Structure formats: C-alpha cells, structure tokens
>>> print(open('my_file03.pdb').read())   # PDB, C-alpha atoms, pLDDT in the B column
ATOM      1  CA  MET A   1       0.000   0.000   0.000  1.00 50.00           C
ATOM      2  CA  ALA A   2       1.469   3.350  -1.088  1.00 61.00           C
ATOM      3  CA  LEU A   3       2.101   5.977   1.547  1.00 70.00           C
ATOM      4  CA  LEU A   4       0.062   9.146   1.555  1.00 84.00           C
ATOM      5  CA  LYS A   5       2.087  12.264   0.770  1.00 90.00           C
ATOM      6  CA  TYR A   6       2.258  13.494   4.350  1.00 89.00           C
ATOM      7  CA  GLU A   7       3.326  10.001   5.475  1.00 86.00           C
ATOM      8  CA  GLU A   8       6.032   9.964   2.821  1.00 88.00           C
ATOM      9  CA  ILE A   9       7.338  13.320   4.035  1.00 91.00           C
ATOM     10  CA  ALA A  10       7.285  12.161   7.653  1.00 88.00           C
ATOM     11  CA  GLU A  11       9.116   8.932   6.796  1.00 83.00           C
ATOM     12  CA  SER A  12      11.767  10.805   4.814  1.00 87.00           C
ATOM     13  CA  LEU A  13      12.432  13.230   7.656  1.00 88.00           C
ATOM     14  CA  ARG A  14      12.397  10.373  10.179  1.00 82.00           C
ATOM     15  CA  ALA A  15      15.057   8.567   8.141  1.00 78.00           C
ATOM     16  CA  ARG A  16      17.199  11.713   7.999  1.00 84.00           C
ATOM     17  CA  ILE A  17      16.974  12.058  11.779  1.00 81.00           C
ATOM     18  CA  ALA A  18      17.803   8.371  12.264  1.00 72.00           C
ATOM     19  CA  ALA A  19      20.836   8.795  10.000  1.00 72.00           C
ATOM     20  CA  GLY A  20      22.137  11.614  12.236  1.00 77.00           C
ATOM     21  CA  GLU A  21      21.512  14.512   9.846  1.00 85.00           C
ATOM     22  CA  PHE A  22      19.602  16.224  12.659  1.00 86.00           C
ATOM     23  CA  GLY A  23      20.743  15.460  16.191  1.00 83.00           C
ATOM     24  CA  PRO A  24      18.899  15.863  19.522  1.00 83.00           C
ATOM     25  CA  GLY A  25      17.959  19.516  20.089  1.00 86.00           C
ATOM     26  CA  GLU A  26      18.622  20.529  16.472  1.00 89.00           C
ATOM     27  CA  ILE A  27      16.035  22.306  14.337  1.00 92.00           C
ATOM     28  CA  VAL A  28      14.389  20.356  11.525  1.00 92.00           C
ATOM     29  CA  PRO A  29      13.077  21.935   8.315  1.00 92.00           C
ATOM     30  CA  SER A  30      10.015  24.128   8.832  1.00 90.00           C
ATOM     31  CA  GLY A  31       6.596  23.409   7.406  1.00 90.00           C
ATOM     32  CA  ARG A  32       7.206  26.155   4.831  1.00 91.00           C
ATOM     33  CA  ASP A  33      10.533  24.606   3.797  1.00 92.00           C
ATOM     34  CA  LEU A  34       9.055  21.116   3.558  1.00 93.00           C
ATOM     35  CA  ALA A  35       6.127  22.418   1.520  1.00 93.00           C
ATOM     36  CA  GLU A  36       8.545  23.983  -0.967  1.00 93.00           C
ATOM     37  CA  GLN A  37      10.841  20.948  -1.091  1.00 92.00           C
ATOM     38  CA  TRP A  38       7.991  18.524  -1.711  1.00 93.00           C
ATOM     39  CA  SER A  39       5.737  20.845  -3.735  1.00 94.00           C
ATOM     40  CA  VAL A  40       2.820  20.347  -1.362  1.00 94.00           C
ATOM     41  CA  SER A  41       0.596  22.624   0.678  1.00 94.00           C
ATOM     42  CA  ARG A  42       1.733  23.822   4.080  1.00 93.00           C
ATOM     43  CA  ALA A  43      -1.205  21.932   5.569  1.00 94.00           C
ATOM     44  CA  THR A  44       0.237  18.670   4.209  1.00 93.00           C
ATOM     45  CA  ALA A  45       3.701  19.521   5.534  1.00 93.00           C
ATOM     46  CA  ILE A  46       2.295  20.405   8.948  1.00 92.00           C
ATOM     47  CA  LYS A  47       0.381  17.121   9.007  1.00 92.00           C
ATOM     48  CA  ALA A  48       3.689  15.311   8.425  1.00 91.00           C
ATOM     49  CA  MET A  49       5.236  17.173  11.362  1.00 91.00           C
ATOM     50  CA  ASP A  50       2.245  16.245  13.518  1.00 89.00           C
ATOM     51  CA  VAL A  51       2.990  12.568  12.818  1.00 85.00           C
ATOM     52  CA  LEU A  52       6.563  12.988  14.050  1.00 86.00           C
ATOM     53  CA  ARG A  53       5.467  15.024  17.055  1.00 84.00           C
ATOM     54  CA  ASN A  54       2.866  12.444  18.090  1.00 79.00           C
ATOM     55  CA  ASP A  55       5.528   9.729  17.789  1.00 74.00           C
ATOM     56  CA  GLY A  56       7.854  11.727  20.056  1.00 75.00           C
ATOM     57  CA  VAL A  57      10.508  12.246  17.374  1.00 82.00           C
ATOM     58  CA  VAL A  58      10.283  16.061  17.423  1.00 87.00           C
ATOM     59  CA  VAL A  59       8.903  18.656  19.822  1.00 85.00           C
ATOM     60  CA  ALA A  60       7.680  22.194  19.217  1.00 87.00           C
ATOM     61  CA  LYS A  61       9.950  24.900  20.599  1.00 85.00           C
ATOM     62  CA  GLN A  62       8.461  28.369  20.874  1.00 84.00           C
ATOM     63  CA  GLY A  63      10.102  30.896  18.579  1.00 83.00           C
ATOM     64  CA  THR A  64      12.205  28.191  16.909  1.00 83.00           C
ATOM     65  CA  GLY A  65       9.989  25.603  15.284  1.00 89.00           C
ATOM     66  CA  PHE A  66      10.347  21.857  15.636  1.00 90.00           C
ATOM     67  CA  VAL A  67      13.491  20.315  17.110  1.00 90.00           C
ATOM     68  CA  VAL A  68      14.578  16.717  17.509  1.00 87.00           C
ATOM     69  CA  THR A  69      13.576  15.538  20.964  1.00 80.00           C
ATOM     70  CA  GLU A  70      16.352  15.167  23.531  1.00 70.00           C
ATOM     71  CA  THR A  71      14.265  12.935  25.788  1.00 64.00           C
ATOM     72  CA  PRO A  72      13.042   9.565  24.524  1.00 64.00           C
ATOM     73  CA  VAL A  73       9.261   9.416  24.272  1.00 61.00           C
ATOM     74  CA  ALA A  74       6.986   6.390  24.071  1.00 63.00           C
ATOM     75  CA  ARG A  75       3.476   5.256  24.874  1.00 61.00           C
ATOM     76  CA  PRO A  76       2.560   2.987  27.784  1.00 63.00           C
ATOM     77  CA  ALA A  77       1.569  -0.562  26.910  1.00 62.00           C
ATOM     78  CA  GLY A  78      -1.647  -1.278  25.110  1.00 57.00           C
ATOM     79  CA  ALA A  79      -4.320   0.819  23.456  1.00 53.00           C
ATOM     80  CA  ARG A  80      -4.897   4.398  24.537  1.00 40.00           C
ATOM     81  CA  GLN A  81      -6.537   3.534  27.850  1.00 43.00           C
ATOM     82  CA  ALA A  82      -3.956   4.149  30.580  1.00 38.00           C
ATOM     83  CA  GLY A  83      -4.671   7.795  31.327  1.00 37.00           C
ATOM     84  CA  SER A  84      -4.979  10.971  29.261  1.00 34.00           C
ATOM     85  CA  THR A  85      -1.500  10.633  27.742  1.00 33.00           C
ATOM     86  CA  ARG A  86      -2.760   7.625  25.809  1.00 32.00           C
ATOM     87  CA  VAL A  87      -4.947  10.007  23.808  1.00 32.00           C
ATOM     88  CA  THR A  88      -2.458  12.825  23.250  1.00 38.00           C
ATOM     89  CA  GLY A  89       0.548  10.652  22.439  1.00 50.00           C
ATOM     90  CA  GLY A  90       3.632   9.533  24.272  1.00 63.00           C
ATOM     91  CA  MET A  91       5.414  10.571  27.435  1.00 74.00           C
ATOM     92  CA  PRO A  92       9.081  10.785  28.423  1.00 80.00           C
ATOM     93  CA  PHE A  93      10.642   7.582  29.684  1.00 83.00           C
ATOM     94  CA  LEU A  94      13.796   6.254  31.259  1.00 87.00           C
ATOM     95  CA  ARG A  95      15.395   3.036  30.087  1.00 88.00           C
ATOM     96  CA  VAL A  96      16.008   0.609  32.957  1.00 91.00           C
ATOM     97  CA  GLY A  97      19.322  -1.203  32.664  1.00 92.00           C
ATOM     98  CA  GLU A  98      20.336  -2.651  29.316  1.00 93.00           C
ATOM     99  CA  PRO A  99      18.230  -4.828  27.011  1.00 95.00           C
ATOM    100  CA  ASP A 100      18.889  -8.460  27.887  1.00 97.00           C
ATOM    101  CA  TRP A 101      17.907 -11.986  26.940  1.00 98.00           C
ATOM    102  CA  ALA A 102      15.810 -13.773  29.548  1.00 97.00           C
ATOM    103  CA  GLU A 103      13.060 -16.344  29.848  1.00 97.00           C
ATOM    104  CA  PRO A 104       9.752 -14.445  29.756  1.00 97.00           C
ATOM    105  CA  PRO A 105       6.964 -14.977  32.296  1.00 94.00           C
ATOM    106  CA  GLU A 106       4.626 -17.837  31.477  1.00 95.00           C
ATOM    107  CA  ARG A 107       1.789 -15.611  30.240  1.00 95.00           C
ATOM    108  CA  VAL A 108       4.138 -13.675  27.964  1.00 97.00           C
ATOM    109  CA  ALA A 109       5.713 -16.863  26.602  1.00 97.00           C
ATOM    110  CA  ALA A 110       2.237 -18.212  25.894  1.00 96.00           C
ATOM    111  CA  VAL A 111       1.140 -15.294  23.707  1.00 96.00           C
ATOM    112  CA  LEU A 112       4.515 -15.254  21.930  1.00 96.00           C
ATOM    113  CA  GLY A 113       4.178 -18.974  21.235  1.00 95.00           C
ATOM    114  CA  MET A 114       7.519 -19.736  22.917  1.00 95.00           C
ATOM    115  CA  ALA A 115       8.396 -23.035  24.549  1.00 94.00           C
ATOM    116  CA  PRO A 116       9.532 -23.141  28.209  1.00 92.00           C
ATOM    117  CA  GLY A 117      13.228 -22.382  28.642  1.00 94.00           C
ATOM    118  CA  VAL A 118      13.506 -20.258  25.470  1.00 96.00           C
ATOM    119  CA  SER A 119      14.745 -16.693  25.969  1.00 98.00           C
ATOM    120  CA  ALA A 120      13.365 -13.512  24.439  1.00 98.00           C
ATOM    121  CA  LEU A 121      14.861 -10.013  24.243  1.00 98.00           C
ATOM    122  CA  ARG A 122      13.616  -7.806  27.076  1.00 97.00           C
ATOM    123  CA  ARG A 123      13.564  -4.001  27.090  1.00 95.00           C
ATOM    124  CA  ILE A 124      12.419  -2.222  30.263  1.00 95.00           C
ATOM    125  CA  ARG A 125      11.382   1.397  30.643  1.00 92.00           C
ATOM    126  CA  ILE A 126       9.684   3.689  33.146  1.00 93.00           C
ATOM    127  CA  HIS A 127       7.270   6.284  31.775  1.00 90.00           C
ATOM    128  CA  GLN A 128       7.387   9.618  33.547  1.00 88.00           C
ATOM    129  CA  LEU A 129       4.857  12.272  34.488  1.00 86.00           C
ATOM    130  CA  PRO A 130       5.612  15.949  33.714  1.00 81.00           C
ATOM    131  CA  ASP A 131       7.222  16.411  37.134  1.00 86.00           C
ATOM    132  CA  GLY A 132       9.599  13.512  36.500  1.00 86.00           C
ATOM    133  CA  SER A 133       7.898  11.063  38.845  1.00 91.00           C
ATOM    134  CA  PRO A 134       7.156   7.538  37.565  1.00 93.00           C
ATOM    135  CA  HIS A 135       3.864   6.879  35.818  1.00 92.00           C
ATOM    136  CA  SER A 136       4.182   3.247  34.727  1.00 93.00           C
ATOM    137  CA  TYR A 137       6.649   0.394  34.409  1.00 95.00           C
ATOM    138  CA  ALA A 138       6.822  -1.603  31.174  1.00 94.00           C
ATOM    139  CA  GLU A 139       8.649  -4.714  30.042  1.00 95.00           C
ATOM    140  CA  ALA A 140       8.657  -5.350  26.297  1.00 95.00           C
ATOM    141  CA  TRP A 141       9.521  -8.858  25.090  1.00 97.00           C
ATOM    142  CA  PHE A 142      10.606  -9.533  21.501  1.00 98.00           C
ATOM    143  CA  PRO A 143      10.647 -13.129  20.204  1.00 97.00           C
ATOM    144  CA  PRO A 144      14.041 -14.411  18.933  1.00 97.00           C
ATOM    145  CA  GLU A 145      13.167 -14.223  15.236  1.00 97.00           C
ATOM    146  CA  VAL A 146      12.352 -10.510  15.579  1.00 97.00           C
ATOM    147  CA  ALA A 147      15.196  -9.565  17.944  1.00 97.00           C
ATOM    148  CA  GLU A 148      17.907 -11.399  16.004  1.00 97.00           C
ATOM    149  CA  ALA A 149      16.906  -9.672  12.778  1.00 96.00           C
ATOM    150  CA  SER A 150      16.798  -6.263  14.497  1.00 95.00           C
ATOM    151  CA  PRO A 151      20.115  -5.846  16.367  1.00 94.00           C
ATOM    152  CA  ARG A 152      19.479  -2.261  17.445  1.00 90.00           C
ATOM    153  CA  LEU A 153      16.779  -3.539  19.793  1.00 94.00           C
ATOM    154  CA  ALA A 154      19.586  -4.912  21.961  1.00 94.00           C
ATOM    155  CA  GLN A 155      21.220  -1.490  22.297  1.00 89.00           C
ATOM    156  CA  THR A 156      20.433   1.119  24.958  1.00 83.00           C
ATOM    157  CA  ALA A 157      20.541   4.037  22.519  1.00 77.00           C
ATOM    158  CA  PRO A 158      17.147   5.393  21.384  1.00 72.00           C
ATOM    159  CA  ILE A 159      15.901   4.370  17.948  1.00 77.00           C
ATOM    160  CA  PRO A 160      14.872   7.722  16.394  1.00 65.00           C
ATOM    161  CA  GLU A 161      12.615   6.160  13.779  1.00 67.00           C
ATOM    162  CA  GLY A 162      10.811   4.172  16.490  1.00 75.00           C
ATOM    163  CA  THR A 163      10.941   0.438  17.161  1.00 85.00           C
ATOM    164  CA  THR A 164       7.884  -0.291  15.008  1.00 84.00           C
ATOM    165  CA  ARG A 165       9.348   1.279  11.877  1.00 79.00           C
ATOM    166  CA  TYR A 166      12.795  -0.121  12.568  1.00 85.00           C
ATOM    167  CA  VAL A 167      11.465  -3.663  12.930  1.00 91.00           C
ATOM    168  CA  ARG A 168       9.423  -3.231   9.771  1.00 87.00           C
ATOM    169  CA  ARG A 169      12.509  -2.087   7.866  1.00 84.00           C
ATOM    170  CA  GLN A 170      14.554  -5.015   9.185  1.00 90.00           C
ATOM    171  CA  THR A 171      11.974  -7.782   8.874  1.00 93.00           C
ATOM    172  CA  GLY A 172       9.222  -6.600   6.551  1.00 91.00           C
ATOM    173  CA  ARG A 173       6.778  -7.301   9.374  1.00 91.00           C
ATOM    174  CA  PHE A 174       4.499  -4.649  10.841  1.00 88.00           C
ATOM    175  CA  PRO A 175       1.677  -4.484  13.408  1.00 88.00           C
ATOM    176  CA  SER A 176      -1.723  -5.337  11.998  1.00 89.00           C
ATOM    177  CA  GLU A 177      -3.650  -6.143  15.165  1.00 89.00           C
ATOM    178  CA  GLY A 178      -3.207  -5.443  18.858  1.00 90.00           C
ATOM    179  CA  VAL A 179      -4.716  -7.405  21.714  1.00 92.00           C
ATOM    180  CA  ASP A 180      -4.821  -5.960  25.238  1.00 92.00           C
ATOM    181  CA  VAL A 181      -5.687  -7.932  28.345  1.00 93.00           C
ATOM    182  CA  THR A 182      -6.126  -5.800  31.459  1.00 93.00           C
ATOM    183  CA  THR A 183      -6.006  -7.247  34.962  1.00 95.00           C
ATOM    184  CA  VAL A 184      -5.642  -5.821  38.457  1.00 95.00           C
ATOM    185  CA  ARG A 185      -3.328  -7.066  41.194  1.00 95.00           C
ATOM    186  CA  LEU A 186      -0.896  -5.808  43.835  1.00 95.00           C
ATOM    187  CA  ALA A 187       2.481  -4.510  42.740  1.00 94.00           C
ATOM    188  CA  THR A 188       5.429  -6.856  43.067  1.00 93.00           C
ATOM    189  CA  GLU A 189       8.409  -5.771  45.153  1.00 92.00           C
ATOM    190  CA  ASP A 190      10.432  -5.003  42.014  1.00 92.00           C
ATOM    191  CA  GLU A 191       7.614  -2.974  40.449  1.00 94.00           C
ATOM    192  CA  ALA A 192       7.011  -1.116  43.709  1.00 95.00           C
ATOM    193  CA  ARG A 193      10.706  -0.239  43.918  1.00 94.00           C
ATOM    194  CA  HIS A 194      10.800   1.212  40.403  1.00 95.00           C
ATOM    195  CA  LEU A 195       7.504   3.063  40.820  1.00 95.00           C
ATOM    196  CA  GLY A 196       8.183   4.318  44.341  1.00 93.00           C
ATOM    197  CA  LEU A 197       5.202   2.471  45.808  1.00 92.00           C
ATOM    198  CA  SER A 198       4.404   0.493  48.880  1.00 82.00           C
ATOM    199  CA  VAL A 199       4.137  -3.213  48.073  1.00 73.00           C
ATOM    200  CA  ALA A 200       0.428  -3.176  48.938  1.00 84.00           C
ATOM    201  CA  THR A 201      -0.473  -0.724  46.149  1.00 91.00           C
ATOM    202  CA  ALA A 202      -2.991  -1.928  43.567  1.00 95.00           C
ATOM    203  CA  VAL A 203      -1.851  -1.698  39.931  1.00 95.00           C
ATOM    204  CA  ALA A 204      -3.510  -2.141  36.557  1.00 94.00           C
ATOM    205  CA  VAL A 205      -1.587  -4.521  34.319  1.00 94.00           C
ATOM    206  CA  VAL A 206      -2.050  -4.281  30.562  1.00 92.00           C
ATOM    207  CA  LEU A 207      -0.658  -7.218  28.597  1.00 94.00           C
ATOM    208  CA  HIS A 208      -0.361  -5.806  25.086  1.00 94.00           C
ATOM    209  CA  THR A 209       0.511  -8.064  22.150  1.00 94.00           C
ATOM    210  CA  ALA A 210       1.077  -6.751  18.637  1.00 93.00           C
ATOM    211  CA  TYR A 211       0.498  -9.204  15.797  1.00 94.00           C
ATOM    212  CA  ASP A 212       1.843  -8.766  12.273  1.00 93.00           C
ATOM    213  CA  GLN A 213       0.025  -8.935   8.960  1.00 92.00           C
ATOM    214  CA  GLU A 214       0.179 -12.739   9.061  1.00 94.00           C
ATOM    215  CA  GLY A 215      -1.047 -13.045  12.633  1.00 95.00           C
ATOM    216  CA  ARG A 216       2.401 -13.728  14.124  1.00 96.00           C
ATOM    217  CA  PRO A 217       3.334 -12.000  17.410  1.00 96.00           C
ATOM    218  CA  LEU A 218       5.861  -9.181  17.020  1.00 95.00           C
ATOM    219  CA  VAL A 219       6.156  -8.088  20.636  1.00 96.00           C
ATOM    220  CA  CYS A 220       4.440  -8.583  23.967  1.00 96.00           C
ATOM    221  CA  GLU A 221       4.589  -5.739  26.446  1.00 95.00           C
ATOM    222  CA  GLU A 222       3.427  -5.825  30.034  1.00 94.00           C
ATOM    223  CA  GLY A 223       2.663  -2.352  31.361  1.00 93.00           C
ATOM    224  CA  VAL A 224       2.080  -1.761  35.075  1.00 94.00           C
ATOM    225  CA  THR A 225       0.315   1.441  36.135  1.00 94.00           C
ATOM    226  CA  PRO A 226      -0.520   2.350  39.763  1.00 94.00           C
ATOM    227  CA  SER A 227      -4.239   2.770  40.375  1.00 91.00           C
ATOM    228  CA  PRO A 228      -4.035   6.583  40.943  1.00 89.00           C
ATOM    229  CA  HIS A 229      -2.674   7.013  37.392  1.00 89.00           C
ATOM    230  CA  TYR A 230      -4.878   4.521  35.583  1.00 88.00           C
ATOM    231  CA  GLU A 231      -8.075   5.609  33.886  1.00 81.00           C
ATOM    232  CA  ARG A 232     -10.165   3.971  31.199  1.00 80.00           C
ATOM    233  CA  VAL A 233     -12.871   5.938  29.424  1.00 79.00           C
ATOM    234  CA  ASP A 234     -15.216   4.297  26.913  1.00 79.00           C
ATOM    235  CA  THR A 235     -17.687   6.258  24.787  1.00 85.00           C
ATOM    236  CA  TYR A 236     -20.417   4.324  23.018  1.00 83.00           C
ATOM    237  CA  ALA A 237     -23.866   4.743  21.484  1.00 86.00           C
ATOM    238  CA  MET A 238     -26.955   3.940  23.570  1.00 86.00           C
TER
END
>>> encode(input="my_file03.pdb", output="structure tokens")
Amino acid sequence: MALLKYEEIAESLRARIAAGEFGPGEIVPSGRDLAEQWSVSRATAIKAMDVLRNDGVVVAKQGTGFVVTETPVARPAGARQAGSTRVTGGMPFLRVGEPDWAEPPERVAAVLGMAPGVSALRRIRIHQLPDGSPHSYAEAWFPPEVAEASPRLAQTAPIPEGTTRYVRRQTGRFPSEGVDVTTVRLATEDEARHLGLSVATAVAVVLHTAYDQEGRPLVCEEGVTPSPHYERVDTYAM
C-alpha cells in the first residue's frame, strides 16, 4: 500500500533524523521549507510534522519551530486507555538497565508462542509524568526471530525512527492487530521499587501483544500502572 504524501514526508524526515543529519535539540526543516521541497501545501507539511510530534521524534519549541527531541518518548503498553496521555501521544521515559535476553513470564511466553526455557529479548522502561515522577513500568519482550533480525533492539541508545518502523525495515513485518488484556493485582516488590510504591499498592496490568500482517506476534509488552494514574474511558452509542 502506497504511503500518503504526508506520510512519505514524515518517513523521509524520520530517516534523515535516524541517520544523524539532525541530532537531539537541532532544528528540523520548517513546514514552509518542507512544503517547498515537496511541492505540497503547508497543511500537508504540517500534518507530516504532527505525525513525528505524536511519535515523540520532534517537539515544538516556541520561537524556533520543531526540534529533535532530547528525551526519549513512548506510549505505555496497550491501546490508549492508561490515562490521558494515551490520547495525546507519548510521554518521556527512562530506560532501565540494558536490554537483555531472559526467559519471559509464562503468560508472555504463551502469547509469543515460545516453549519453556527459550529466551526472548527484554527491554524495560519507566514512563514519567511531567514532574519527572514515575507513571508506569513496562517490560517489552521480543521473540528471537524478531530480535535477532533487528540488532538495534539490543542497544540502549534510542531508535529515532521508532521500534515499530525499525522492525518493519529489518523484517518486513508490521503491526496489523493489537490485543490488550487488562487485569488488576498488587504490585510486586520489584515494580514497587521502580515506581516508588508500597508493596500493597494496587496496579492495573495491561498485557499488550502486537500481531503482524500474518497473525504472528511481534512483541508482547506488560505495562504496570498504579491505580491513581490509571483511567479507562469508553464512549459508546446507547
């Protein structure tokens, strides 16, 4: 399926950022410049910038324009149901340790279709609120066939183009369907430590699995959000 023009512009600029042409904190071409370069309307160019802003690749800086973000940004696990930031886009996060290979929990292994004793690549991050305090704790698990074909997943450095686009470029596989399973339990000691909670705190746990165009799991992410920060709003016809 061909990309729409604004998507093509966004992908081109994303690739330039990933290649290091524009580093963190540096100004990217303005909507006017992009419109001239691509012979499109400013509205189309601005729409392309909105894609990059919503993905956390660039941020608006008053009096300057758009600059490459200096703080990694991502969304908590699952669909947009873990608080208002799920609707507006991503939030800053901190990477916890280095990506490592480990045996995933039983429920994660089950959705990834992995046999007991087989390791997957784990990436851990803590999403932050505007004041820098922790919002949620997430462990993303990539099956071997995805991780081995995408070596940058094992690095601590941010992937400017985003993991989804990087994996697609490396493997030809892309998310086609997401399945979220939400449960409630008490935080584990490790989760409580990272989130600054007492062990007795209730947390919402979203097990998010992304499946590719052939129904194969690409990644399983378990996001843990303390009850004060978790909100689900459903709007439906009656």
>>> atom_distance(input="my_file03.pdb", atom1="CA of Leu34 (chain A)", atom2="CA of Phe66 (chain A)")
12.2 Å
>>> residues_around(input="my_file03.pdb", residues="Glu145 (chain A)", least_positions_apart="2", cutoff="10 Å", atoms="all atoms listed in the file", output="MDAnalysis selection string")
chainID A and resid 120 142:143 147:150 171 218
>>> atom_distance(input="my_file03.pdb", atom1="CA of Gly162 (chain A)", atom2="CA of Thr209 (chain A)")
17.0 Å
>>> closest_residue(input="my_file03.pdb", among="A:Ile9, A:Val167, A:Val67, A:Val59", to="Val28 (chain A)", atoms="all atoms listed in the file")
A:Val67
>>> resolve_selection(input="my_file03.pdb", expression="the PyMOL selection byres ((chain A and resi 127-132) around 8)", output="PyMOL selection string")
chain A and resi 74-76+91-94+125-126+133-138
>>> resolve_selection(input="my_file03.pdb", expression="the PyMOL selection byres ((chain A and resi 188) around 10)", output="ChimeraX atom specification")
/A:185-187,189-193,197-203
>>> atom_distance(input="my_file03.pdb", atom1="CA of Ala109 (chain A)", atom2="CA of Val184 (chain A)")
19.8 Å
>>> residues_around(input="my_file03.pdb", residues="region 95-99 of chain A", least_positions_apart="5", cutoff="9 Å", atoms="only C-alpha atoms", output="PyMOL selection string")
chain A and resi 72+121-127+153-156
>>> closest_residue(input="my_file03.pdb", among="A:Val224, A:Val219, A:Val146, A:Val181", to="His194 (chain A)", atoms="only C-alpha atoms")
A:Val224
>>> residues_around(input="my_file03.pdb", residues="Trp38 (chain A)", least_positions_apart="5", cutoff="9 Å", atoms="all atoms listed in the file", output="ChimeraX atom specification")
/A:5,9,33,45
>>> closest_residue(input="my_file03.pdb", among="A:Gly63, A:Gly215, A:Tyr6, A:Arg32", to="Asp50 (chain A)", atoms="only C-alpha atoms")
A:Tyr6
>>> axis_aligned_box(input="my_file03.pdb", around="region 188-201 of chain A", padding_each_side="3 Å", output="lines of an AutoDock Vina configuration file")
center_x = 5.2
center_y = -1.3
center_z = 44.7
size_x = 17.3
size_y = 17.2
size_z = 14.5
>>> decode(input="my_file03.pdb", residues="region 198-205 of chain A", atoms="all heavy atoms", output="tab-separated table (two decimals), in the first residue's frame")
chain	number	residue	atom	x	y	z
A	198	SER	N	4.40	1.52	47.85
A	198	SER	CA	4.40	0.49	48.88
A	198	SER	C	3.98	-0.80	48.20
A	198	SER	O	3.26	-0.80	47.21
A	198	SER	CB	3.42	0.85	50.00
A	198	SER	OG	2.11	0.84	49.51
A	199	VAL	N	4.43	-1.93	48.71
A	199	VAL	CA	4.14	-3.21	48.07
A	199	VAL	C	2.64	-3.47	47.98
A	199	VAL	O	2.16	-4.14	47.07
A	199	VAL	CB	4.83	-4.36	48.83
A	199	VAL	CG1	4.49	-5.71	48.24
A	199	VAL	CG2	6.35	-4.16	48.80
A	200	ALA	N	1.86	-2.89	48.89
A	200	ALA	CA	0.43	-3.18	48.94
A	200	ALA	C	-0.39	-2.39	47.91
A	200	ALA	O	-1.59	-2.52	47.84
A	200	ALA	CB	-0.11	-2.88	50.33
A	201	THR	N	0.25	-1.56	47.10
A	201	THR	CA	-0.47	-0.72	46.15
A	201	THR	C	-1.08	-1.55	45.01
A	201	THR	O	-0.42	-2.41	44.43
A	201	THR	CB	0.47	0.34	45.55
A	201	THR	OG1	1.00	1.13	46.61
A	201	THR	CG2	-0.27	1.23	44.57
A	202	ALA	N	-2.34	-1.26	44.70
A	202	ALA	CA	-2.99	-1.93	43.57
A	202	ALA	C	-2.49	-1.32	42.25
A	202	ALA	O	-2.28	-0.10	42.16
A	202	ALA	CB	-4.51	-1.78	43.67
A	203	VAL	N	-2.31	-2.17	41.25
A	203	VAL	CA	-1.85	-1.70	39.93
A	203	VAL	C	-2.71	-2.34	38.85
A	203	VAL	O	-3.22	-3.44	38.99
A	203	VAL	CB	-0.37	-2.05	39.67
A	203	VAL	CG1	0.54	-1.27	40.62
A	203	VAL	CG2	-0.12	-3.54	39.82
A	204	ALA	N	-2.87	-1.59	37.75
A	204	ALA	CA	-3.51	-2.14	36.56
A	204	ALA	C	-2.41	-2.68	35.67
A	204	ALA	O	-1.38	-2.02	35.46
A	204	ALA	CB	-4.30	-1.06	35.83
A	205	VAL	N	-2.59	-3.88	35.16
A	205	VAL	CA	-1.59	-4.52	34.32
A	205	VAL	C	-2.19	-4.75	32.94
A	205	VAL	O	-3.19	-5.46	32.79
A	205	VAL	CB	-1.13	-5.87	34.91
A	205	VAL	CG1	-0.05	-6.50	34.03
A	205	VAL	CG2	-0.62	-5.67	36.34
